[in-house]
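*Asks:* Let me give you the structure first, and then I'll get to my questions.
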Amino acid sequence: MVADAIRLDGKVVIITGGAGGIGSATARLMAARGARVAIADIMEDAARKVAAGLPGAIAIHLDLEDQTSIEAMIAETVAHYGQLDVLHNNAALLGPDIAQADNDVESMSTALWDRTFAVNVRGTMIGCRAALPHLRKTRGNIVNTVSNLALQGHMIQAAYSSSKAAIIQMTRAIAASHGIHGIRCNAVAPGMTMTSALRDAFPPVLRKAVEDETLRDQLGEPEDIAEAAAFLASHAARNITGQVLVADGGCASHVPGISQFRSFFSGEHA
Ligand SMILES: NC(=O)c1ccc[n+]([C@@H]2O[C@H](COP(=O)([O-])OP(=O)(O)OC[C@H]3O[C@@H](n4cnc5c(N)ncnc54)[C@H](O)[C@@H]3O)[C@@H](O)[C@H]2O)c1
């Protein structure tokens, strides 16, 4: 049955940033599909709370700026479960202070650029490097979370978007190098996704601007991204590698100015 193929029974999955909005929804969804999830996050208490509600789950302290911590996350997971099937690199350097400081290149602080790349790119690379020997044993896979901002230009978040674009190329590089060992590597690119943090922080006028560009009748929810990640992680995606699955409600898939067209034709198509 098709539905069975999208299950993750018995799979051991590490979810970095698993205490966050999308990460915790993904942990819940993957656990409901049969996975044993290791929830790795710098917010240790929050990670423990997510794990406490899920059968077979564990929480792991992770600081993506610290190589030892990343390598320990992989080692602890394998020591606990005896295997690793999926590394889901979902964590990223985010938050209101970071978003406020990360604008265009001309105003960019070198320290913020370096920190963004340290967490998002270097951290992801070290995690993948440590996971690959274990994934080779299970013919497992990696799912990296990127962003619609890695695929389109914007006037904000130059460091964040550049770091996510680097992760896309890392995704292809890993797929190309390790496919021969049975390992897949893909990325999911969320568009604006209504985590509770974003719902509180995002100015309504800008939210409306994104809604106007969305082809669905609503913005994405964390569970929507969780479904895309779970699919890529599952056997159902066995012939898919080196790809970016854009889960943005169609924001990036239409001609510019569609909201004006929608208004213009709204009378005819109402
Ligand atoms: N929400 C959106 O609209 C959106 C859009 C595009 C892409 N994304 C991507 O989705 C992923 C999840 O985002 P979210 O919206 O759930 O954000 P979030 O802030 O709720 O989750 C991010 C998690 O990463 C963790 N983290 C941050 N720095 C870390 C570090 N140094 N070490 C370990 N963990 C660390 C945080 O503690 C947090 O739990 C991110 O990769 C983000 O870039 C989100």
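Please note that chains go A, B, ... in the order of the structure tokens, that every chain numbers its residues from 1, and that ligands are numbered from 1 in the order shown.
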Residues within 7 Å of ligand 1, counting only C-alpha atoms and all ligand atoms: report them as number ranges by chain.
*Replies:* A: 16-23, 40-43, 62-65, 90-95, 119, 145-148, 189-195, 197-198
*Asks:* So that I can check the surroundings of A:Arg129, please list as a short mmCIF file (atom, residue, chain, number, x, y, z; two decimals) with C-alpha atoms, in the first residue's frame every protein, DNA and RNA residue that reaches within 12 Å of it, counting only C-alpha atoms and ignoring chain neighbours fewer than 3 positions away.
*Replies:*
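Contents of result.cif, freshly written:
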```cif
data_model
loop_
_atom_site.label_atom_id
_atom_site.label_comp_id
_atom_site.auth_asym_id
_atom_site.auth_seq_id
_atom_site.Cartn_x
_atom_site.Cartn_y
_atom_site.Cartn_z
CA GLN A 67 32.34 20.42 16.80
CA ILE A 70 27.91 17.73 17.15
CA GLU A 71 30.08 14.62 17.08
CA ILE A 74 25.88 11.32 16.58
CA LEU A 87 19.98 12.80 10.01
CA ARG A 122 29.80 24.35 9.21
CA GLY A 123 27.49 22.76 11.81
CA THR A 124 25.55 20.90 9.12
CA MET A 125 28.74 19.73 7.42
CA ILE A 126 30.23 18.38 10.68
CA LEU A 132 27.93 9.24 7.09
CA PRO A 133 29.81 6.14 8.37
CA HIS A 134 26.66 5.13 10.29
CA LEU A 135 24.31 5.93 7.41
CA ARG A 136 26.43 3.72 5.15
CA ILE A 142 20.06 13.02 5.18
CA MET A 170 26.30 20.59 0.15
CA ILE A 174 26.81 14.56 -0.48
CA SER A 177 29.64 11.38 -3.36
CA HIS A 178 27.68 8.90 -1.30
#
```
*Asks:* With DSSP run on the backbone, what are the helix (DSSP H, G or I) residues within stretch 17-181 of chain A? I'd like them as number ranges by chain.
*Replies:* A: 21-32, 44-52, 67-81, 96-101, 110-138, 148-150, 158-181
*Asks:* Counting only C-alpha atoms, figure out which residue out of A:Ala230, A:Ala111, A:Ala201, A:Ile258 gets nearest to A:Thr26.
*Replies:* A:Ala230
*Asks:* Quick one: residues within 12 Å of A:Ile6, only C-alpha atoms, excluding same-chain residues fewer than 5 positions away - as a list in words?
*Replies:*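 My reading of the contact set: Met1, Lys11, Leu29, Met30, Ala32, Arg33, Gly34, Ala35, Glu227, Ala228, Ala229, Ala230, Phe231, Leu232, Ala233, Ser234, His235, Ala236, Ala237 and Arg238 of chain A.
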*Asks:* Include all heavy atoms and write out the residues we just selected as a short mmCIF file (atom, residue, chain, number, x, y, z; two decimals), in the first residue's frame.
*Replies:*
```cif
data_model
loop_
_atom_site.label_atom_id
_atom_site.label_comp_id
_atom_site.auth_asym_id
_atom_site.auth_seq_id
_atom_site.Cartn_x
_atom_site.Cartn_y
_atom_site.Cartn_z
N MET A 1 0.84 -1.21 0.00
CA MET A 1 0.00 0.00 0.00
C MET A 1 0.87 1.25 0.00
O MET A 1 1.90 1.30 0.65
CB MET A 1 -0.88 0.02 1.25
CG MET A 1 -2.17 -0.76 1.06
SD MET A 1 -2.96 -1.09 2.65
CE MET A 1 -3.26 0.56 3.22
N LYS A 11 12.95 3.19 12.19
CA LYS A 11 14.06 4.07 11.78
C LYS A 11 14.49 4.94 12.95
O LYS A 11 13.65 5.44 13.71
CB LYS A 11 13.64 4.99 10.62
CG LYS A 11 13.15 4.25 9.38
CD LYS A 11 14.27 3.51 8.68
CE LYS A 11 13.80 2.80 7.43
NZ LYS A 11 14.75 1.78 6.98
N LEU A 29 5.47 14.03 14.16
CA LEU A 29 4.97 13.33 12.97
C LEU A 29 5.79 12.06 12.69
O LEU A 29 5.24 10.99 12.42
CB LEU A 29 5.01 14.25 11.74
CG LEU A 29 4.43 13.59 10.51
CD1 LEU A 29 3.02 14.08 10.25
CD2 LEU A 29 5.28 13.82 9.29
N MET A 30 7.12 12.19 12.77
CA MET A 30 7.97 11.02 12.47
C MET A 30 7.76 9.93 13.52
O MET A 30 7.73 8.75 13.19
CB MET A 30 9.43 11.44 12.37
CG MET A 30 9.74 12.25 11.11
SD MET A 30 11.52 12.44 10.90
CE MET A 30 11.61 13.27 9.30
N ALA A 32 5.01 9.42 15.14
CA ALA A 32 3.70 8.83 14.83
C ALA A 32 3.79 7.86 13.64
O ALA A 32 3.00 6.93 13.54
CB ALA A 32 2.69 9.93 14.53
N ARG A 33 4.79 8.08 12.79
CA ARG A 33 4.99 7.18 11.65
C ARG A 33 5.91 6.01 11.98
O ARG A 33 6.38 5.31 11.09
CB ARG A 33 5.59 7.97 10.47
CG ARG A 33 4.71 9.12 9.98
CD ARG A 33 3.74 8.69 8.90
NE ARG A 33 2.67 9.66 8.76
CZ ARG A 33 2.71 10.71 7.94
NH1 ARG A 33 3.75 10.90 7.16
NH2 ARG A 33 1.69 11.54 7.87
N GLY A 34 6.28 5.89 13.25
CA GLY A 34 7.03 4.71 13.67
C GLY A 34 8.51 4.93 13.93
O GLY A 34 9.22 3.98 14.29
N ALA A 35 9.00 6.16 13.77
CA ALA A 35 10.44 6.42 13.99
C ALA A 35 10.76 6.56 15.47
O ALA A 35 9.89 6.94 16.26
CB ALA A 35 10.85 7.68 13.25
N GLU A 227 5.62 16.92 7.00
CA GLU A 227 5.20 15.90 6.01
C GLU A 227 6.23 15.78 4.88
O GLU A 227 6.55 14.69 4.44
CB GLU A 227 3.83 16.26 5.41
CG GLU A 227 2.65 16.10 6.34
CD GLU A 227 2.19 14.65 6.51
OE1 GLU A 227 2.83 13.73 5.97
OE2 GLU A 227 1.19 14.46 7.22
N ALA A 228 6.71 16.93 4.42
CA ALA A 228 7.69 16.92 3.31
C ALA A 228 8.99 16.25 3.77
O ALA A 228 9.58 15.44 3.04
CB ALA A 228 7.94 18.34 2.83
N ALA A 229 9.43 16.58 4.99
CA ALA A 229 10.68 15.98 5.50
C ALA A 229 10.51 14.48 5.71
O ALA A 229 11.40 13.69 5.39
CB ALA A 229 11.08 16.67 6.81
N ALA A 230 9.35 14.09 6.25
CA ALA A 230 9.10 12.66 6.50
C ALA A 230 9.07 11.88 5.18
O ALA A 230 9.59 10.77 5.09
CB ALA A 230 7.80 12.47 7.26
N PHE A 231 8.49 12.49 4.16
CA PHE A 231 8.48 11.84 2.85
C PHE A 231 9.92 11.63 2.34
O PHE A 231 10.29 10.52 1.95
CB PHE A 231 7.67 12.68 1.85
CG PHE A 231 7.91 12.29 0.41
CD1 PHE A 231 7.49 11.05 -0.05
CD2 PHE A 231 8.57 13.14 -0.46
CE1 PHE A 231 7.73 10.66 -1.38
CE2 PHE A 231 8.82 12.76 -1.78
CZ PHE A 231 8.39 11.52 -2.24
N LEU A 232 10.72 12.70 2.37
CA LEU A 232 12.10 12.57 1.86
C LEU A 232 12.89 11.53 2.65
O LEU A 232 13.73 10.83 2.10
CB LEU A 232 12.80 13.93 1.90
CG LEU A 232 12.31 14.95 0.88
CD1 LEU A 232 12.98 16.31 1.11
CD2 LEU A 232 12.55 14.49 -0.56
N ALA A 233 12.61 11.45 3.96
CA ALA A 233 13.34 10.50 4.81
C ALA A 233 12.89 9.06 4.57
O ALA A 233 13.62 8.13 4.89
CB ALA A 233 13.10 10.86 6.28
N SER A 234 11.72 8.89 3.99
CA SER A 234 11.11 7.55 3.92
C SER A 234 11.53 6.78 2.67
O SER A 234 12.05 7.35 1.71
CB SER A 234 9.58 7.67 3.93
OG SER A 234 9.12 8.05 2.64
N HIS A 235 11.22 5.51 2.69
CA HIS A 235 11.50 4.62 1.55
C HIS A 235 10.70 5.05 0.31
O HIS A 235 11.08 4.74 -0.82
CB HIS A 235 11.14 3.19 1.96
CG HIS A 235 11.54 2.15 0.96
ND1 HIS A 235 12.86 1.95 0.59
CD2 HIS A 235 10.81 1.27 0.23
CE1 HIS A 235 12.91 0.97 -0.30
NE2 HIS A 235 11.69 0.54 -0.55
N ALA A 236 9.61 5.79 0.54
CA ALA A 236 8.82 6.27 -0.60
C ALA A 236 9.65 7.18 -1.51
O ALA A 236 9.38 7.27 -2.71
CB ALA A 236 7.59 7.03 -0.10
N ALA A 237 10.67 7.81 -0.96
CA ALA A 237 11.51 8.74 -1.73
C ALA A 237 12.81 8.07 -2.19
O ALA A 237 13.80 8.75 -2.45
CB ALA A 237 11.82 9.97 -0.89
N ARG A 238 12.80 6.73 -2.30
CA ARG A 238 14.04 5.99 -2.53
C ARG A 238 14.75 6.36 -3.83
O ARG A 238 15.95 6.14 -3.96
CB ARG A 238 13.78 4.48 -2.48
CG ARG A 238 12.76 3.99 -3.51
CD ARG A 238 12.33 2.56 -3.18
NE ARG A 238 11.20 2.11 -3.99
CZ ARG A 238 9.93 2.38 -3.72
NH1 ARG A 238 9.61 3.12 -2.68
NH2 ARG A 238 8.96 1.94 -4.50
#
```
*Asks:* Restricting the calculation to only C-alpha atoms, which member of A:Ser259, A:Gln157, A:Asn89, A:Asn239 is positioned closest to A:Ala187?
*Replies:*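 Selected residue with least distance to A:Ala187: A:Asn89.
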*Asks:* Give me, as a PyMOL selection string, all polymer residues having an atom no more than 6 Å from stretch 204-219 of chain A, counting only C-alpha atoms and skipping those fewer than 3 positions away in the same chain.
*Replies:* chain A and resi 249-251+259
*Asks:* Give the strand (DSSP E or B) residues of stretch 68-228 of chain A, as assigned by DSSP on the backbone, as a PyMOL selection string.
*Replies:* chain A and resi 86-89+141-145+184-190+193+220
*Asks:* Would you mind exporting the chosen residues as a PDB file, in the first residue's frame, restricted to N, CA and C atoms?
*Replies:*
```pdb
ATOM      1  N   VAL A  86      18.528   8.229   9.740  1.00  0.00           N
ATOM      2  CA  VAL A  86      18.260   9.540   9.117  1.00  0.00           C
ATOM      3  C   VAL A  86      18.857  10.648   9.987  1.00  0.00           C
ATOM      4  N   LEU A  87      19.586  11.557   9.341  1.00  0.00           N
ATOM      5  CA  LEU A  87      19.984  12.805  10.009  1.00  0.00           C
ATOM      6  C   LEU A  87      19.175  13.925   9.363  1.00  0.00           C
ATOM      7  N   HIS A  88      18.338  14.547  10.172  1.00  0.00           N
ATOM      8  CA  HIS A  88      17.517  15.661   9.672  1.00  0.00           C
ATOM      9  C   HIS A  88      18.095  16.960  10.232  1.00  0.00           C
ATOM     10  N   ASN A  89      18.826  17.676   9.401  1.00  0.00           N
ATOM     11  CA  ASN A  89      19.460  18.931   9.821  1.00  0.00           C
ATOM     12  C   ASN A  89      18.456  20.069   9.675  1.00  0.00           C
ATOM     13  N   ASN A 141      19.719   8.118   5.114  1.00  0.00           N
ATOM     14  CA  ASN A 141      19.688   9.357   4.331  1.00  0.00           C
ATOM     15  C   ASN A 141      19.733  10.598   5.209  1.00  0.00           C
ATOM     16  N   ILE A 142      19.986  11.710   4.525  1.00  0.00           N
ATOM     17  CA  ILE A 142      20.062  13.024   5.182  1.00  0.00           C
ATOM     18  C   ILE A 142      18.987  13.912   4.574  1.00  0.00           C
ATOM     19  N   VAL A 143      18.278  14.635   5.447  1.00  0.00           N
ATOM     20  CA  VAL A 143      17.313  15.653   4.976  1.00  0.00           C
ATOM     21  C   VAL A 143      17.745  16.987   5.583  1.00  0.00           C
ATOM     22  N   ASN A 144      18.163  17.905   4.744  1.00  0.00           N
ATOM     23  CA  ASN A 144      18.568  19.234   5.206  1.00  0.00           C
ATOM     24  C   ASN A 144      17.412  20.212   5.031  1.00  0.00           C
ATOM     25  N   THR A 145      17.204  21.063   6.020  1.00  0.00           N
ATOM     26  CA  THR A 145      16.183  22.100   5.861  1.00  0.00           C
ATOM     27  C   THR A 145      16.853  23.371   5.363  1.00  0.00           C
ATOM     28  N   ARG A 184      21.185   8.583   0.489  1.00  0.00           N
ATOM     29  CA  ARG A 184      20.553   9.711  -0.200  1.00  0.00           C
ATOM     30  C   ARG A 184      20.712  10.979   0.621  1.00  0.00           C
ATOM     31  N   CYS A 185      20.680  12.124  -0.073  1.00  0.00           N
ATOM     32  CA  CYS A 185      20.724  13.406   0.629  1.00  0.00           C
ATOM     33  C   CYS A 185      19.841  14.393  -0.122  1.00  0.00           C
ATOM     34  N   ASN A 186      18.832  14.906   0.562  1.00  0.00           N
ATOM     35  CA  ASN A 186      17.893  15.859  -0.050  1.00  0.00           C
ATOM     36  C   ASN A 186      17.689  17.052   0.877  1.00  0.00           C
ATOM     37  N   ALA A 187      17.008  18.050   0.340  1.00  0.00           N
ATOM     38  CA  ALA A 187      16.680  19.231   1.151  1.00  0.00           C
ATOM     39  C   ALA A 187      15.203  19.547   1.011  1.00  0.00           C
ATOM     40  N   VAL A 188      14.645  20.076   2.091  1.00  0.00           N
ATOM     41  CA  VAL A 188      13.291  20.621   2.020  1.00  0.00           C
ATOM     42  C   VAL A 188      13.422  22.132   2.203  1.00  0.00           C
ATOM     43  N   ALA A 189      12.728  22.874   1.350  1.00  0.00           N
ATOM     44  CA  ALA A 189      12.798  24.347   1.402  1.00  0.00           C
ATOM     45  C   ALA A 189      11.428  24.891   1.800  1.00  0.00           C
ATOM     46  N   PRO A 190      11.255  25.184   3.080  1.00  0.00           N
ATOM     47  CA  PRO A 190       9.974  25.782   3.479  1.00  0.00           C
ATOM     48  C   PRO A 190       9.881  27.215   2.990  1.00  0.00           C
ATOM     49  N   THR A 193       6.443  29.794   7.258  1.00  0.00           N
ATOM     50  CA  THR A 193       5.710  28.729   7.942  1.00  0.00           C
ATOM     51  C   THR A 193       5.310  29.233   9.316  1.00  0.00           C
ATOM     52  N   GLY A 220       1.847  28.098   5.124  1.00  0.00           N
ATOM     53  CA  GLY A 220       2.189  26.765   5.599  1.00  0.00           C
ATOM     54  C   GLY A 220       2.218  26.690   7.120  1.00  0.00           C
TER      55      GLY A 220
END
```
*Asks:* Go through A:Ser162, A:His154, A:Leu84, A:Ile168 and flag the residue nearest A:Ala130, using only C-alpha atoms for the distances.
*Replies:*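 Distance minimum relative to A:Ala130 lands on A:Leu84.
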*Asks:* Counting only C-alpha atoms, what is within 12 Å of A:Leu112, bar same-chain residues fewer than 5 positions away, as a list in words?
*Replies:* Leu93, Leu94, Asp97, Ile98, Ala99, Gln100, Ala101, Asp102, Asn103, Asp104, Val105, Ser107, Phe117, Ala118, Val119, Asn120, Gln157, Ala158, Ala159, Tyr160 and Ser163 of chain A
*Asks:* Taking 3 positions as the minimum chain separation for residues in the same chain, which residues sit within 12 Å of A:Ala79 when counting only C-alpha atoms? Answer as number ranges by chain.
*Replies:* A: 12, 38, 58, 72-76, 82-84, 134
*Asks:* Print the selection's residues with all heavy atoms to a file, as an mmCIF file, in the first residue's frame.
*Replies:*
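Contents of the output file again04.cif:
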```cif
data_model
loop_
_atom_site.group_PDB
_atom_site.id
_atom_site.type_symbol
_atom_site.label_atom_id
_atom_site.label_comp_id
_atom_site.auth_asym_id
_atom_site.auth_seq_id
_atom_site.Cartn_x
_atom_site.Cartn_y
_atom_site.Cartn_z
ATOM 1 N N VAL A 12 15.779 5.151 13.052
ATOM 2 C CA VAL A 12 16.320 6.067 14.061
ATOM 3 C C VAL A 12 16.658 7.380 13.373
ATOM 4 O O VAL A 12 17.450 7.417 12.424
ATOM 5 C CB VAL A 12 17.570 5.467 14.733
ATOM 6 C CG1 VAL A 12 18.225 6.494 15.655
ATOM 7 C CG2 VAL A 12 17.192 4.199 15.499
ATOM 8 N N ALA A 38 15.668 11.183 18.023
ATOM 9 C CA ALA A 38 16.595 11.849 18.950
ATOM 10 C C ALA A 38 16.460 13.343 18.687
ATOM 11 O O ALA A 38 16.746 13.816 17.583
ATOM 12 C CB ALA A 38 18.023 11.378 18.692
ATOM 13 N N ILE A 58 14.533 10.349 22.615
ATOM 14 C CA ILE A 58 15.485 10.878 23.593
ATOM 15 C C ILE A 58 15.784 12.341 23.236
ATOM 16 O O ILE A 58 15.582 12.761 22.093
ATOM 17 C CB ILE A 58 16.823 10.080 23.627
ATOM 18 C CG1 ILE A 58 17.496 10.041 22.233
ATOM 19 C CG2 ILE A 58 16.606 8.680 24.176
ATOM 20 C CD1 ILE A 58 18.919 9.479 22.263
ATOM 21 N N ALA A 72 29.367 14.379 19.390
ATOM 22 C CA ALA A 72 28.792 13.642 20.530
ATOM 23 C C ALA A 72 27.325 13.297 20.273
ATOM 24 O O ALA A 72 26.854 12.231 20.669
ATOM 25 C CB ALA A 72 28.929 14.475 21.804
ATOM 26 N N MET A 73 26.599 14.199 19.586
ATOM 27 C CA MET A 73 25.182 13.935 19.257
ATOM 28 C C MET A 73 25.061 12.649 18.424
ATOM 29 O O MET A 73 24.199 11.795 18.682
ATOM 30 C CB MET A 73 24.610 15.124 18.458
ATOM 31 C CG MET A 73 23.307 14.843 17.744
ATOM 32 S SD MET A 73 22.807 16.214 16.674
ATOM 33 C CE MET A 73 23.910 16.022 15.262
ATOM 34 N N ILE A 74 25.931 12.524 17.438
ATOM 35 C CA ILE A 74 25.879 11.322 16.582
ATOM 36 C C ILE A 74 26.275 10.096 17.416
ATOM 37 O O ILE A 74 25.587 9.055 17.389
ATOM 38 C CB ILE A 74 26.834 11.478 15.365
ATOM 39 C CG1 ILE A 74 26.494 12.737 14.539
ATOM 40 C CG2 ILE A 74 26.807 10.204 14.508
ATOM 41 C CD1 ILE A 74 25.191 12.725 13.801
ATOM 42 N N ALA A 75 27.355 10.218 18.176
ATOM 43 C CA ALA A 75 27.852 9.076 18.958
ATOM 44 C C ALA A 75 26.815 8.637 20.002
ATOM 45 O O ALA A 75 26.563 7.434 20.166
ATOM 46 C CB ALA A 75 29.172 9.452 19.640
ATOM 47 N N GLU A 76 26.199 9.613 20.700
ATOM 48 C CA GLU A 76 25.200 9.266 21.725
ATOM 49 C C GLU A 76 24.000 8.554 21.119
ATOM 50 O O GLU A 76 23.456 7.617 21.692
ATOM 51 C CB GLU A 76 24.674 10.540 22.412
ATOM 52 C CG GLU A 76 25.485 11.006 23.586
ATOM 53 C CD GLU A 76 24.902 12.276 24.188
ATOM 54 O OE1 GLU A 76 23.691 12.333 24.478
ATOM 55 O OE2 GLU A 76 25.681 13.249 24.338
ATOM 56 N N GLY A 82 21.863 1.928 18.706
ATOM 57 C CA GLY A 82 22.622 0.913 17.955
ATOM 58 C C GLY A 82 22.660 1.157 16.461
ATOM 59 O O GLY A 82 23.239 0.359 15.708
ATOM 60 N N GLN A 83 22.075 2.240 15.996
ATOM 61 C CA GLN A 83 22.056 2.526 14.556
ATOM 62 C C GLN A 83 21.617 3.970 14.331
ATOM 63 O O GLN A 83 21.089 4.621 15.233
ATOM 64 C CB GLN A 83 21.072 1.606 13.824
ATOM 65 C CG GLN A 83 19.601 1.885 14.176
ATOM 66 C CD GLN A 83 18.661 0.827 13.647
ATOM 67 O OE1 GLN A 83 18.672 -0.297 14.155
ATOM 68 N NE2 GLN A 83 17.850 1.162 12.671
ATOM 69 N N LEU A 84 21.842 4.435 13.096
ATOM 70 C CA LEU A 84 21.310 5.741 12.680
ATOM 71 C C LEU A 84 20.807 5.594 11.242
ATOM 72 O O LEU A 84 21.543 5.129 10.368
ATOM 73 C CB LEU A 84 22.400 6.829 12.741
ATOM 74 C CG LEU A 84 21.969 8.209 12.227
ATOM 75 C CD1 LEU A 84 20.869 8.814 13.106
ATOM 76 C CD2 LEU A 84 23.168 9.164 12.168
ATOM 77 N N HIS A 134 27.800 5.880 9.728
ATOM 78 C CA HIS A 134 26.664 5.129 10.294
ATOM 79 C C HIS A 134 25.553 4.960 9.259
ATOM 80 O O HIS A 134 24.912 3.912 9.191
ATOM 81 C CB HIS A 134 26.138 5.846 11.535
ATOM 82 C CG HIS A 134 27.203 6.036 12.576
ATOM 83 N ND1 HIS A 134 27.688 5.009 13.333
ATOM 84 C CD2 HIS A 134 27.907 7.146 12.930
ATOM 85 C CE1 HIS A 134 28.631 5.467 14.141
ATOM 86 N NE2 HIS A 134 28.786 6.765 13.910
#
```
